[in-house]
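Scroll down for the structure; my scribbles are underneath it.
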Amino acid sequence: MRDSSRLTRRAALGLTAAALPLSVAAPASAATAGARTAATVVGGERLARGGIQVRGAAGLPKKITARAWLLADCDSGEVLASYNAHRRLAPASTLKMLFADTVLKKFEPTERYRVKDSDISDVPAGSSLVGIKPGLTYTVEQLWQGVFLRSGNDAVHVLSHMNGGIARTVAEMQAKAADLQALDTHVVSPDGFDHPGQLSSAYDLTLFARHGLKDDDFRGYCATRTANFPAGGKKTFQIQNTDRLLTGAWGLDVYKGLFGVKNGYTSHAGNTFTGGATRGGRTLLVTVMHPDPGTNAVYEQTAALLDWGFEKGSSAQPVGTLVDPLSEGGASASPSPSKGNGAAGAAGTGAAGSGSSGPSPWRVAEGGAVTFGLLGVGAWALRRRRRAAGAAAGPDSGDTPAGPAGPAAG
């Protein structure tokens, strides 16, 4: 199946509105670190190092194959352990957490909206869908249930058009990421679907979750297991959350204390997941990105890291921190450029069975080399005709580990 990513001409031309100043993560080696312009790492220098980062606690799970992961205390923001925290990877539908952070409070849950054909005509083919039909009227609450439970790209696009359109929503999401100091994140589409240059990191996704969970509606949606969704007339059909640790689907046990947050899958990104759980008065967040293929690998590895955090994480000394948003008084992580020799980060603590050794240290450097990517995406999208996605509800292809033949957002 051909790559079926599609954007409307209006959305593609409008993508340049999202070309906001953005510091990007780039690999740096020890040999070149001394010659670099001074840079800072959001959350702490140690999070830029390759390999596993942990202090004061042992016994991390040995079978973690993810290309990047991070475990943090939700309340204090302390990062208890990480691996390639700032590595930029395709986020899939975990990016919908940033979409919710940006748009959720703009509309009252009881507000009603009649869907037009144009609201879902730009949904990429191969997307995961909740089953929205043009001509039907939905409450905002139902649309958000479609986003959180079924990861419905059709629900995301309806809400985006209510918000002024895809391009405007993308620009607002990029601005929100900047405020949250999620500087590894580059937004191309609001739904997380595969597009060239759409990237985030385990650190940034955890920031999105932590920020969202401060809101009661966000927390309520991501913890909802099932809901009834309009089918036309007085008919409804039941939708179930695709978070398997929340529902116990696909042979997994429900994870004790888990309340969400968001999972995702595309054929390009593989599986991604940010999960949160509370036990004994302590709330932990884990983000796992791109583990080796396996039916439940992303959930099993999330559960293993949560187990470690609850059992042994209390003795761990933080290796970094989840920073506060600039709008809430957070200190800016972007220093003034200065010349001089910078110390290279030493390799992190390794652990057997935790995947291959980490890449070169990742740092957040000064500069905004993003505009070229947005312009490239616009040209790329205009060379392809949009194909409207089907609106009928069906299996959540976006959350099937084996995946469909082509890209699909989960």
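Here, A, B, ... name the chains of the structure tokens in the order displayed, residue numbers run from 1 inside each chain, and ligands are numbered from 1 in the same displayed order.
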
Please identify all polymer residues within 12 Å of Ile64 of chain A, counting only C-alpha atoms, omitting same-chain residues fewer than 2 positions from it, and present them as a ChimeraX atom specification.
/A:52,60-62,66-70,82-83,288-293,297-305,351-356

Keeping C-alpha atoms for every residue in the selection just given, could you write it to a file as a short mmCIF file (atom, residue, chain, number, x, y, z; two decimals), in the first residue's frame?
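Below is the file out22.cif, written as the result:
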```
data_model
loop_
_atom_site.label_atom_id
_atom_site.label_comp_id
_atom_site.auth_asym_id
_atom_site.auth_seq_id
_atom_site.Cartn_x
_atom_site.Cartn_y
_atom_site.Cartn_z
CA ILE A 52 20.51 4.45 30.78
CA LEU A 60 15.97 -1.80 36.39
CA PRO A 61 14.05 -4.17 34.09
CA LYS A 62 16.47 -5.98 31.80
CA ALA A 66 12.53 0.77 23.49
CA ARG A 67 14.64 3.25 21.56
CA ALA A 68 13.80 5.84 24.21
CA TRP A 69 11.98 5.86 27.55
CA LEU A 70 11.57 7.99 30.65
CA SER A 82 15.68 7.50 31.48
CA TYR A 83 17.16 6.24 28.25
CA VAL A 288 8.04 4.26 26.10
CA MET A 289 8.86 4.87 22.43
CA HIS A 290 9.52 2.39 19.64
CA PRO A 291 10.19 -0.93 21.40
CA ASP A 292 11.01 -4.01 19.35
CA PRO A 293 7.86 -5.34 17.64
CA ALA A 297 5.63 -4.96 24.07
CA VAL A 298 4.97 -1.26 24.65
CA TYR A 299 2.53 -2.04 27.46
CA GLU A 300 4.64 -4.75 29.07
CA GLN A 301 7.68 -2.49 29.14
CA THR A 302 5.64 0.40 30.53
CA ALA A 303 4.29 -1.87 33.27
CA ALA A 304 7.78 -3.13 34.09
CA LEU A 305 9.13 0.41 34.48
CA ALA A 351 22.16 -2.03 31.96
CA ALA A 352 22.31 -5.46 30.42
CA GLY A 353 19.45 -6.31 28.16
CA SER A 354 18.28 -2.74 27.77
CA GLY A 355 18.79 -2.60 24.06
CA SER A 356 21.81 -1.45 22.13
#
```

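Near Gly56 of chain A, within 8 Å and counting only C-alpha atoms, sit Ser315, Ala316 and Gln317 of chain A, not including residues fewer than 6 positions from it in the same chain.
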
Tell me, which residues of segment 133-321 of chain A carry DSSP strand (DSSP E or B), written as a ChimeraX atom specification?
/A:137-139,186,199-200,226-232,235-240,258-266,270-279,282-289,317,320-321

Preceding selection exported with C-alpha atoms as a tab-separated table (two decimals), in the first residue's frame:
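In the end it all went to part-v5.tsv:
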```
chain	number	residue	atom	x	y	z
A	137	THR	CA	-24.56	16.49	15.73
A	138	TYR	CA	-22.08	15.65	18.49
A	139	THR	CA	-21.31	17.19	21.84
A	186	HIS	CA	7.93	19.50	15.74
A	199	LEU	CA	8.81	14.38	15.83
A	200	SER	CA	8.81	14.41	19.61
A	226	THR	CA	-15.98	2.73	27.56
A	227	ALA	CA	-18.54	5.22	26.26
A	228	ASN	CA	-21.61	5.26	24.03
A	229	PHE	CA	-21.06	7.09	20.76
A	230	PRO	CA	-23.77	8.50	18.43
A	231	ALA	CA	-24.65	6.35	15.42
A	232	GLY	CA	-27.51	8.46	14.07
A	235	LYS	CA	-28.86	4.83	18.10
A	236	THR	CA	-25.44	4.56	19.69
A	237	PHE	CA	-22.55	2.11	19.64
A	238	GLN	CA	-20.03	1.41	22.35
A	239	ILE	CA	-16.43	2.47	22.03
A	240	GLN	CA	-13.65	1.10	24.23
A	258	LEU	CA	-3.37	3.08	36.09
A	259	PHE	CA	-5.46	6.03	34.87
A	260	GLY	CA	-4.35	6.47	31.24
A	261	VAL	CA	-2.74	8.42	29.52
A	262	LYS	CA	-2.32	7.88	25.72
A	263	ASN	CA	-1.13	5.19	23.36
A	264	GLY	CA	-0.26	5.32	19.69
A	265	TYR	CA	0.82	3.30	16.70
A	266	THR	CA	1.83	3.97	13.12
A	270	GLY	CA	5.79	1.58	15.73
A	271	ASN	CA	4.25	1.68	19.19
A	272	THR	CA	4.44	4.61	21.58
A	273	PHE	CA	2.80	4.99	24.98
A	274	THR	CA	2.69	7.35	27.91
A	275	GLY	CA	1.10	5.79	30.97
A	276	GLY	CA	0.37	7.10	34.44
A	277	ALA	CA	-0.46	5.25	37.64
A	278	THR	CA	-0.95	6.05	41.32
A	279	ARG	CA	-0.08	3.73	44.20
A	282	ARG	CA	2.58	8.40	44.62
A	283	THR	CA	1.91	9.08	40.93
A	284	LEU	CA	4.41	8.02	38.29
A	285	LEU	CA	4.56	8.69	34.56
A	286	VAL	CA	6.30	6.48	32.02
A	287	THR	CA	6.84	7.11	28.32
A	288	VAL	CA	8.04	4.26	26.10
A	289	MET	CA	8.86	4.87	22.43
A	317	GLN	CA	18.12	10.10	43.11
A	320	GLY	CA	16.76	15.34	35.76
A	321	THR	CA	13.47	17.14	36.10
```

Write out as JSON, numbers by chain each polymer residue whose atoms come within 12 Å of Ala182 of chain A, counting only C-alpha atoms; drop sequence neighbours fewer than 6 positions from it.
{"A": [22, 23, 24, 25, 41, 42, 43, 85, 86, 88, 95, 98, 173, 174, 175, 176, 199, 200, 201, 202, 203, 204, 205, 206, 207, 208, 209, 210, 211, 322, 323, 324, 325, 326, 332, 333, 334, 364]}

Export, as a PDB file, in the first residue's frame, the selected residues with C-alpha atoms.
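So the final result, stored in selection-v3.pdb, reads:
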```
ATOM      1  CA  LEU A  22      12.133  26.115  17.977  1.00  0.00           C
ATOM      2  CA  SER A  23      15.343  24.704  19.408  1.00  0.00           C
ATOM      3  CA  VAL A  24      16.033  21.301  17.953  1.00  0.00           C
ATOM      4  CA  ALA A  25      17.772  18.304  19.392  1.00  0.00           C
ATOM      5  CA  VAL A  41      19.532  20.460  27.986  1.00  0.00           C
ATOM      6  CA  VAL A  42      15.928  20.874  29.022  1.00  0.00           C
ATOM      7  CA  GLY A  43      15.520  19.080  32.328  1.00  0.00           C
ATOM      8  CA  ALA A  85      15.228  11.081  26.915  1.00  0.00           C
ATOM      9  CA  HIS A  86      15.646  13.742  24.214  1.00  0.00           C
ATOM     10  CA  ARG A  88      13.581  12.766  18.530  1.00  0.00           C
ATOM     11  CA  LEU A  95       0.952  13.658  20.085  1.00  0.00           C
ATOM     12  CA  LEU A  98      -0.401  18.056  23.036  1.00  0.00           C
ATOM     13  CA  MET A 173       0.201  23.302  19.169  1.00  0.00           C
ATOM     14  CA  GLN A 174       3.744  24.335  18.239  1.00  0.00           C
ATOM     15  CA  ALA A 175       3.376  27.456  20.344  1.00  0.00           C
ATOM     16  CA  LYS A 176       2.050  25.370  23.229  1.00  0.00           C
ATOM     17  CA  LEU A 199       8.806  14.379  15.831  1.00  0.00           C
ATOM     18  CA  SER A 200       8.813  14.409  19.609  1.00  0.00           C
ATOM     19  CA  SER A 201      10.722  12.705  22.442  1.00  0.00           C
ATOM     20  CA  ALA A 202      10.095  10.671  25.558  1.00  0.00           C
ATOM     21  CA  TYR A 203      10.856  13.789  27.599  1.00  0.00           C
ATOM     22  CA  ASP A 204       8.402  15.992  25.691  1.00  0.00           C
ATOM     23  CA  LEU A 205       5.588  13.433  25.689  1.00  0.00           C
ATOM     24  CA  THR A 206       5.922  13.135  29.446  1.00  0.00           C
ATOM     25  CA  LEU A 207       5.707  16.918  29.712  1.00  0.00           C
ATOM     26  CA  PHE A 208       2.470  16.849  27.702  1.00  0.00           C
ATOM     27  CA  ALA A 209       0.973  14.200  29.962  1.00  0.00           C
ATOM     28  CA  ARG A 210       1.979  15.932  33.172  1.00  0.00           C
ATOM     29  CA  HIS A 211       0.540  19.235  32.009  1.00  0.00           C
ATOM     30  CA  LEU A 322      10.296  17.852  34.148  1.00  0.00           C
ATOM     31  CA  VAL A 323      10.408  21.620  33.770  1.00  0.00           C
ATOM     32  CA  ASP A 324       7.459  23.937  34.352  1.00  0.00           C
ATOM     33  CA  PRO A 325       5.802  25.864  31.505  1.00  0.00           C
ATOM     34  CA  LEU A 326       7.146  29.342  30.847  1.00  0.00           C
ATOM     35  CA  SER A 332      13.745  29.261  30.374  1.00  0.00           C
ATOM     36  CA  ALA A 333      16.011  26.439  29.265  1.00  0.00           C
ATOM     37  CA  SER A 334      17.448  28.479  26.392  1.00  0.00           C
ATOM     38  CA  VAL A 364      18.957  20.937  22.825  1.00  0.00           C
TER      39      VAL A 364
END
```

Output as a ChimeraX atom specification all residues of segment 99-265 of chain A that backbone DSSP marks as helix (DSSP H, G or I).
/A:99-106,117-120,140-150,153-162,166-180,202-212,216-222,244-247
